[in-house]
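Chemist: Below you'll find structure10.txt; it's compact mmCIF, C-alpha atoms.
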# COMPACT_ATOMS: atom_id res chain seq x y z
CA ILE B 1 207.42 -7.16 208.74
CA ASN B 2 210.96 -7.58 207.42
CA LEU B 3 212.02 -4.30 205.85
CA GLY B 4 214.66 -4.29 203.13
CA LEU B 5 215.02 -4.15 199.37
CA GLU B 6 217.39 -7.05 198.67
CA ARG B 7 214.81 -9.84 198.41
CA ILE B 8 212.39 -8.12 196.04
CA LEU B 9 215.26 -6.89 193.86
CA LYS B 10 216.54 -10.45 193.48
CA LEU B 11 213.14 -11.66 192.27
CA LEU B 12 212.60 -8.75 189.90
CA ASP B 13 216.09 -9.14 188.48
CA CYS B 14 215.01 -12.63 187.37
CA VAL B 15 212.17 -11.12 185.32
CA CYS B 16 214.02 -8.24 183.63
CA ASN B 17 213.29 -5.61 186.31
CA PRO B 18 209.77 -4.51 185.34
CA GLN B 19 209.90 -1.68 187.89
CA ASN B 20 212.42 0.07 185.65
CA GLN B 21 210.04 -0.06 182.69
CA LEU B 22 207.30 1.98 184.37
CA GLN B 23 206.49 5.67 184.76
CA VAL B 24 205.67 6.08 188.46
CA ILE B 25 204.31 8.60 190.95
CA HIS B 26 205.41 7.42 194.40
CA VAL B 27 203.27 8.31 197.43
CA ALA B 28 204.25 8.02 201.09
CA GLY B 29 202.97 9.53 204.33
CA THR B 30 201.38 8.72 207.66
CA ASN B 31 197.82 9.65 206.72
CA GLY B 32 196.16 10.42 203.42
CA LYS B 33 198.50 8.51 201.14
CA GLY B 34 195.83 6.03 199.99
CA SER B 35 193.25 8.69 199.21
CA THR B 36 195.90 10.84 197.54
CA ALA B 37 197.04 7.94 195.38
CA LYS B 38 193.44 7.19 194.40
CA THR B 39 192.72 10.83 193.57
CA ILE B 40 195.81 11.12 191.36
CA SER B 41 194.83 7.88 189.66
CA GLU B 42 191.31 9.12 188.88
CA ILE B 43 192.65 12.41 187.49
CA LEU B 44 195.00 10.55 185.16
CA ILE B 45 192.29 8.10 184.06
CA SER B 46 190.01 11.06 183.26
CA SER B 47 192.85 12.55 181.23
CA GLY B 48 193.03 9.45 179.06
CA TYR B 49 196.01 7.65 180.59
CA LYS B 50 195.98 3.92 181.17
CA THR B 51 196.71 4.10 184.87
CA GLY B 52 197.94 1.47 187.28
CA LEU B 53 197.26 1.88 191.00
CA TYR B 54 198.97 -0.05 193.78
CA THR B 55 197.70 0.48 197.33
CA SER B 56 197.57 -1.30 200.66
CA PRO B 57 196.02 -2.70 202.71
CA HIS B 58 192.93 -4.05 200.99
CA LEU B 59 189.46 -3.81 202.54
CA ILE B 60 187.81 -7.01 201.29
CA LYS B 61 189.99 -8.82 198.73
CA ILE B 62 193.68 -8.66 197.96
CA ASN B 63 192.77 -7.94 194.33
CA GLU B 64 191.92 -4.37 195.37
CA ARG B 65 195.62 -3.61 195.82
CA ILE B 66 196.39 -3.93 192.10
CA GLN B 67 194.19 -1.95 189.71
CA ILE B 68 194.26 -0.66 186.16
CA ASN B 69 191.82 2.15 185.35
CA SER B 70 190.01 1.43 188.64
CA LEU B 71 189.47 -2.25 187.78
CA SER B 72 191.03 -4.73 190.19
CA ILE B 73 193.16 -7.59 188.96
CA THR B 74 190.95 -10.67 188.55
CA ASP B 75 191.28 -13.86 190.58
CA ARG B 76 192.39 -15.70 187.46
CA GLN B 77 195.06 -13.13 186.59
CA LEU B 78 196.38 -13.10 190.15
CA ASN B 79 196.41 -16.88 190.39
CA ASN B 80 198.26 -17.17 187.07
CA LEU B 81 200.93 -14.76 188.29
CA ASP B 82 201.21 -16.63 191.58
CA LYS B 83 201.67 -19.98 189.85
CA LYS B 84 204.42 -18.54 187.68
CA TYR B 85 206.42 -16.69 190.32
CA SER B 86 205.72 -18.32 193.69
CA ASP B 87 208.74 -20.62 193.47
CA ILE B 88 211.09 -17.67 192.89
CA SER B 89 209.47 -15.84 195.79
CA LYS B 90 210.06 -18.79 198.09
CA LYS B 91 213.64 -19.13 196.88
CA TYR B 92 214.46 -15.56 197.91
CA LYS B 93 212.15 -15.64 200.98
CA LEU B 94 210.07 -12.61 200.07
CA THR B 95 207.56 -11.33 202.60
CA TYR B 96 203.86 -11.25 201.73
CA PHE B 97 203.99 -7.52 200.93
CA GLU B 98 207.17 -7.83 198.87
CA TYR B 99 205.67 -10.61 196.79
CA ILE B 100 202.43 -8.76 196.05
CA THR B 101 204.44 -5.66 195.17
CA ALA B 102 206.59 -7.65 192.74
CA LEU B 103 203.50 -9.17 191.12
CA ALA B 104 202.02 -5.70 190.71
CA PHE B 105 205.08 -4.47 188.81
CA ILE B 106 204.97 -7.53 186.54
CA TYR B 107 201.23 -7.10 185.95
CA PHE B 108 201.51 -3.41 185.09
CA VAL B 109 204.28 -4.00 182.56
CA LYS B 110 202.44 -6.94 181.02
CA ASN B 111 199.39 -4.72 180.53
CA LYS B 112 201.40 -1.77 179.18
CA VAL B 113 200.07 0.92 181.49
CA ASP B 114 201.06 4.52 180.81
CA ILE B 115 201.71 5.38 184.43
CA VAL B 116 201.54 3.83 187.91
CA ILE B 117 200.52 5.46 191.18
CA LEU B 118 202.48 3.56 193.81
CA GLU B 119 201.64 3.78 197.52
CA THR B 120 204.22 2.76 200.09
CA GLY B 121 203.32 0.13 202.63
CA LEU B 122 205.32 1.13 205.70
CA GLY B 123 207.74 4.02 205.94
CA GLY B 124 209.59 4.66 202.73
CA ARG B 125 213.33 4.15 202.87
CA PHE B 126 213.24 0.36 203.20
CA ASP B 127 209.72 -0.19 201.88
CA ALA B 128 209.43 -2.77 199.09
CA THR B 129 208.00 -0.13 196.74
CA ASN B 130 211.14 1.98 197.05
CA ILE B 131 212.93 0.43 194.10
CA VAL B 132 211.67 2.89 191.51
CA THR B 133 212.87 6.23 190.23
CA PRO B 134 209.58 8.11 190.00
CA LEU B 135 208.45 11.12 188.01
CA VAL B 136 207.56 12.78 191.31
CA SER B 137 207.69 11.82 195.00
CA VAL B 138 204.71 12.73 197.18
CA ILE B 139 204.73 12.83 200.99
CA THR B 140 201.24 13.52 202.29
CA SER B 141 201.77 13.89 206.04
CA ILE B 142 204.04 12.94 208.92
CA GLY B 143 202.75 11.62 212.22
CA PHE B 144 203.33 8.86 214.73
CA ASP B 145 202.83 5.46 213.12
CA HIS B 146 204.72 2.17 213.43
CA THR B 147 207.03 3.84 215.92
CA GLU B 148 208.58 0.48 216.80
CA VAL B 149 209.98 0.40 213.26
CA LEU B 150 210.18 4.04 212.16
CA GLY B 151 211.17 5.66 215.44
CA ASN B 152 209.31 7.69 218.06
CA ALA B 153 210.29 11.18 216.95
CA ILE B 154 208.75 13.23 214.13
CA LYS B 155 212.20 13.99 212.70
CA LYS B 156 213.08 10.30 212.55
CA ILE B 157 209.76 9.33 210.96
CA ALA B 158 210.14 12.14 208.40
CA PHE B 159 213.61 10.83 207.59
CA GLU B 160 212.21 7.35 206.93
CA LYS B 161 209.29 8.58 204.81
CA ALA B 162 211.61 10.89 202.86
CA GLY B 163 213.58 7.83 201.87
CA ILE B 164 211.45 7.74 198.70
CA ILE B 165 213.08 10.97 197.52
CA LYS B 166 215.44 10.37 194.58
CA GLU B 167 218.07 12.58 192.99
CA ASN B 168 216.66 15.34 190.77
CA VAL B 169 213.08 14.04 191.18
CA PRO B 170 210.52 16.72 192.21
CA VAL B 171 208.96 16.43 195.67
CA VAL B 172 205.47 17.47 196.75
CA CYS B 173 204.55 17.61 200.44
CA GLY B 174 201.27 18.08 202.24
CA ASN B 175 200.61 19.98 205.45
CA MET B 176 202.88 18.79 208.27
CA GLN B 177 204.84 19.93 211.30
CA LYS B 178 207.71 22.38 210.82
CA GLU B 179 210.16 19.77 212.14
CA ALA B 180 209.09 17.29 209.46
CA VAL B 181 209.27 19.89 206.67
CA THR B 182 212.76 20.90 207.78
CA GLU B 183 213.97 17.30 207.65
CA ILE B 184 212.41 16.65 204.25
CA LYS B 185 213.84 19.88 202.81
CA LYS B 186 217.27 18.87 204.11
CA ILE B 187 217.09 15.52 202.31
CA ALA B 188 215.73 17.17 199.15
CA LYS B 189 218.68 19.55 199.15
CA GLU B 190 221.11 16.62 199.54
CA LYS B 191 219.45 14.98 196.53
CA GLN B 192 219.93 18.18 194.49
CA ILE B 193 216.23 18.71 193.98
CA SER B 194 215.30 22.11 192.59
CA ARG B 195 211.53 21.58 192.59
CA PHE B 196 210.08 21.26 196.09
CA SER B 197 206.40 22.07 196.67
CA TYR B 198 204.87 22.34 200.15
CA PHE B 199 201.13 22.82 200.59
CA ASN B 200 200.31 24.30 203.99
CA LEU B 201 196.55 23.93 203.74
How does the structure come out when it is put into structure tokens?

Modeler:
Amino acid sequence: INLGLERILKLLDCVCNPQNQLQVIHVAGTNGKGSTAKTISEILISSGYKTGLYTSPHLIKINERIQINSLSITDRQLNNLDKKYSDISKKYKLTYFEYITALAFIYFVKNKVDIVILETGLGGRFDATNIVTPLVSVITSIGFDHTEVLGNAIKKIAFEKAGIIKENVPVVCGNMQKEAVTEIKKIAKEKQISRFSYFNL
């Protein structure tokens, strides 16, 4: 783990910043972010949208992380991308997760998806996925995870996860502790967000 956005941005800048060409729903959280991302993806597919889905980790094959309309990227497609961009990745010393994330952006643009559901890997603020300005930011839950990186207090973890919040972009939150909601609302207010939805299920 080597959190930061500089390396992936350098690579993507070399290929015309595909992340800026995509419509994205960004999903973070301690638990439930993968299932939430998948559910949103299936709803959009059913509605007729060509939908990209980026999740992690994979269960069997890395291909599972990058999908379009529930179909994983093929070995051939992934290998072709790797051959084309591995040298740039090595030049800028991208981590494994950063590199796969960059390839996903390139793949989604190449295949002209209508929308991408993007799941964070770890945290939010310095996660490699946090280089987009999404249509909506989703934070599913806040709990103790990766405390050695994100901190050992709910408020601190909420602050890191809420790093995906962008100015004037709506935020949707799942059920979480009052302390976490307070921190997220504070950040949303700082980002001048007028649409904040909290589901206390």

Chemist: For B:Ala37, work out the shell of residues within 7 Å, counting all atoms listed in the file and skipping chain neighbours fewer than 6 positions away, then give it as a list in words.

Modeler: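 My list of contacting residues is Val27, Ile117 and Glu119 of chain B.
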
Chemist: Need the shell around B:Cys14: protein/DNA/RNA residues with any atom at most 10 Å away, counting all atoms listed in the file. Skip same-chain ones fewer than 5 positions apart. Format as a ChimeraX atom specification?

Modeler: /B:9,85,88

Chemist: Could you dump the residues just selected with C-alpha atoms as an mmCIF file, in the coordinates of the input?

Modeler:
data_model
loop_
_atom_site.group_PDB
_atom_site.id
_atom_site.type_symbol
_atom_site.label_atom_id
_atom_site.label_comp_id
_atom_site.auth_asym_id
_atom_site.auth_seq_id
_atom_site.Cartn_x
_atom_site.Cartn_y
_atom_site.Cartn_z
ATOM 1 C CA LEU B 9 215.260 -6.890 193.860
ATOM 2 C CA TYR B 85 206.420 -16.690 190.320
ATOM 3 C CA ILE B 88 211.090 -17.670 192.890
#

Chemist: Would you please work out which residue, of B:Val138, B:Ile73, B:Ile157, B:Leu11, is nearest to B:Leu94 when using all atoms listed in the file?

Modeler: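 Once distances to B:Leu94 are computed over all atoms listed in the file, the minimum belongs to B:Leu11.
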
Chemist: What's around B:Ala28 at 9 Å? Count only C-alpha atoms, leave out sequence neighbours fewer than 3 positions away in its own chain, and write the answer as a list in words.

Modeler: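 Selected residues are Asn31, Gly32, Lys33, Gly34, Leu118, Glu119, Thr120, Gly121, Leu122, Gly123, Gly124, Ser137, Val138, Ile139, Thr140, Ser141, Lys161, Ala162 and Ile164 of chain B.
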
Chemist: Using only C-alpha atoms, which residues sit within 10 Å of stretch 45-59 of chain B once same-chain residues fewer than 5 positions away are excluded, as a PyMOL selection string?

Modeler: chain B and resi 22-27+33-35+37-40+64-72+97+100-101+104-105+107-109+111-122+129

Chemist: So what do you get for atom CA of B:Ile8 versus atom CA of B:Leu78, distance-wise?

Modeler: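 Straight-line distance from atom CA of B:Ile8 to atom CA of B:Leu78 works out to 17.8 Å.
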
Chemist: Take atom CA of B:Lys10 and atom CA of B:Val169 and report the distance between them in Å, one decimal.

Modeler: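 Answer for the atom CA of B:Lys10 to atom CA of B:Val169 separation: 24.8 Å.
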
Chemist: Hey, can you check how far atom CA of B:Lys84 sits from atom CA of B:Ala128?

Modeler: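 Straight-line distance from atom CA of B:Lys84 to atom CA of B:Ala128 works out to 20.1 Å.
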
Chemist: Of the residues B:Val132, B:Lys61, B:Ser89, B:Leu44, which is the one nearest to B:Asn17, using all atoms listed in the file?

Modeler: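 Closest to B:Asn17, using all atoms listed in the file: B:Val132.
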
Chemist: Given 8 Å on each side, where is the centre and what are the edge lengths in Å to one decimal of the axis-aligned box enclosing the listed atoms of stretch 190-193 of chain B, as lines of an AutoDock Vina configuration file?

Modeler:
center_x = 218.7
center_y = 16.8
center_z = 196.8
size_x = 20.9
size_y = 19.7
size_z = 21.6

Chemist: Using all atoms listed in the file, which of the listed residues (B:Lys93, B:Lys110, B:Lys83, B:Arg125) sits closest to B:Gly4?

Modeler: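 Using all atoms listed in the file, B:Gly4 sits closest to B:Arg125.
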
Chemist: Which of these residues is nearest to B:Asn2, using all atoms listed in the file: B:Asn63, B:Asn20, B:Tyr96, B:Glu42?

Modeler: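 That would be B:Tyr96, the residue with the smallest distance to B:Asn2.
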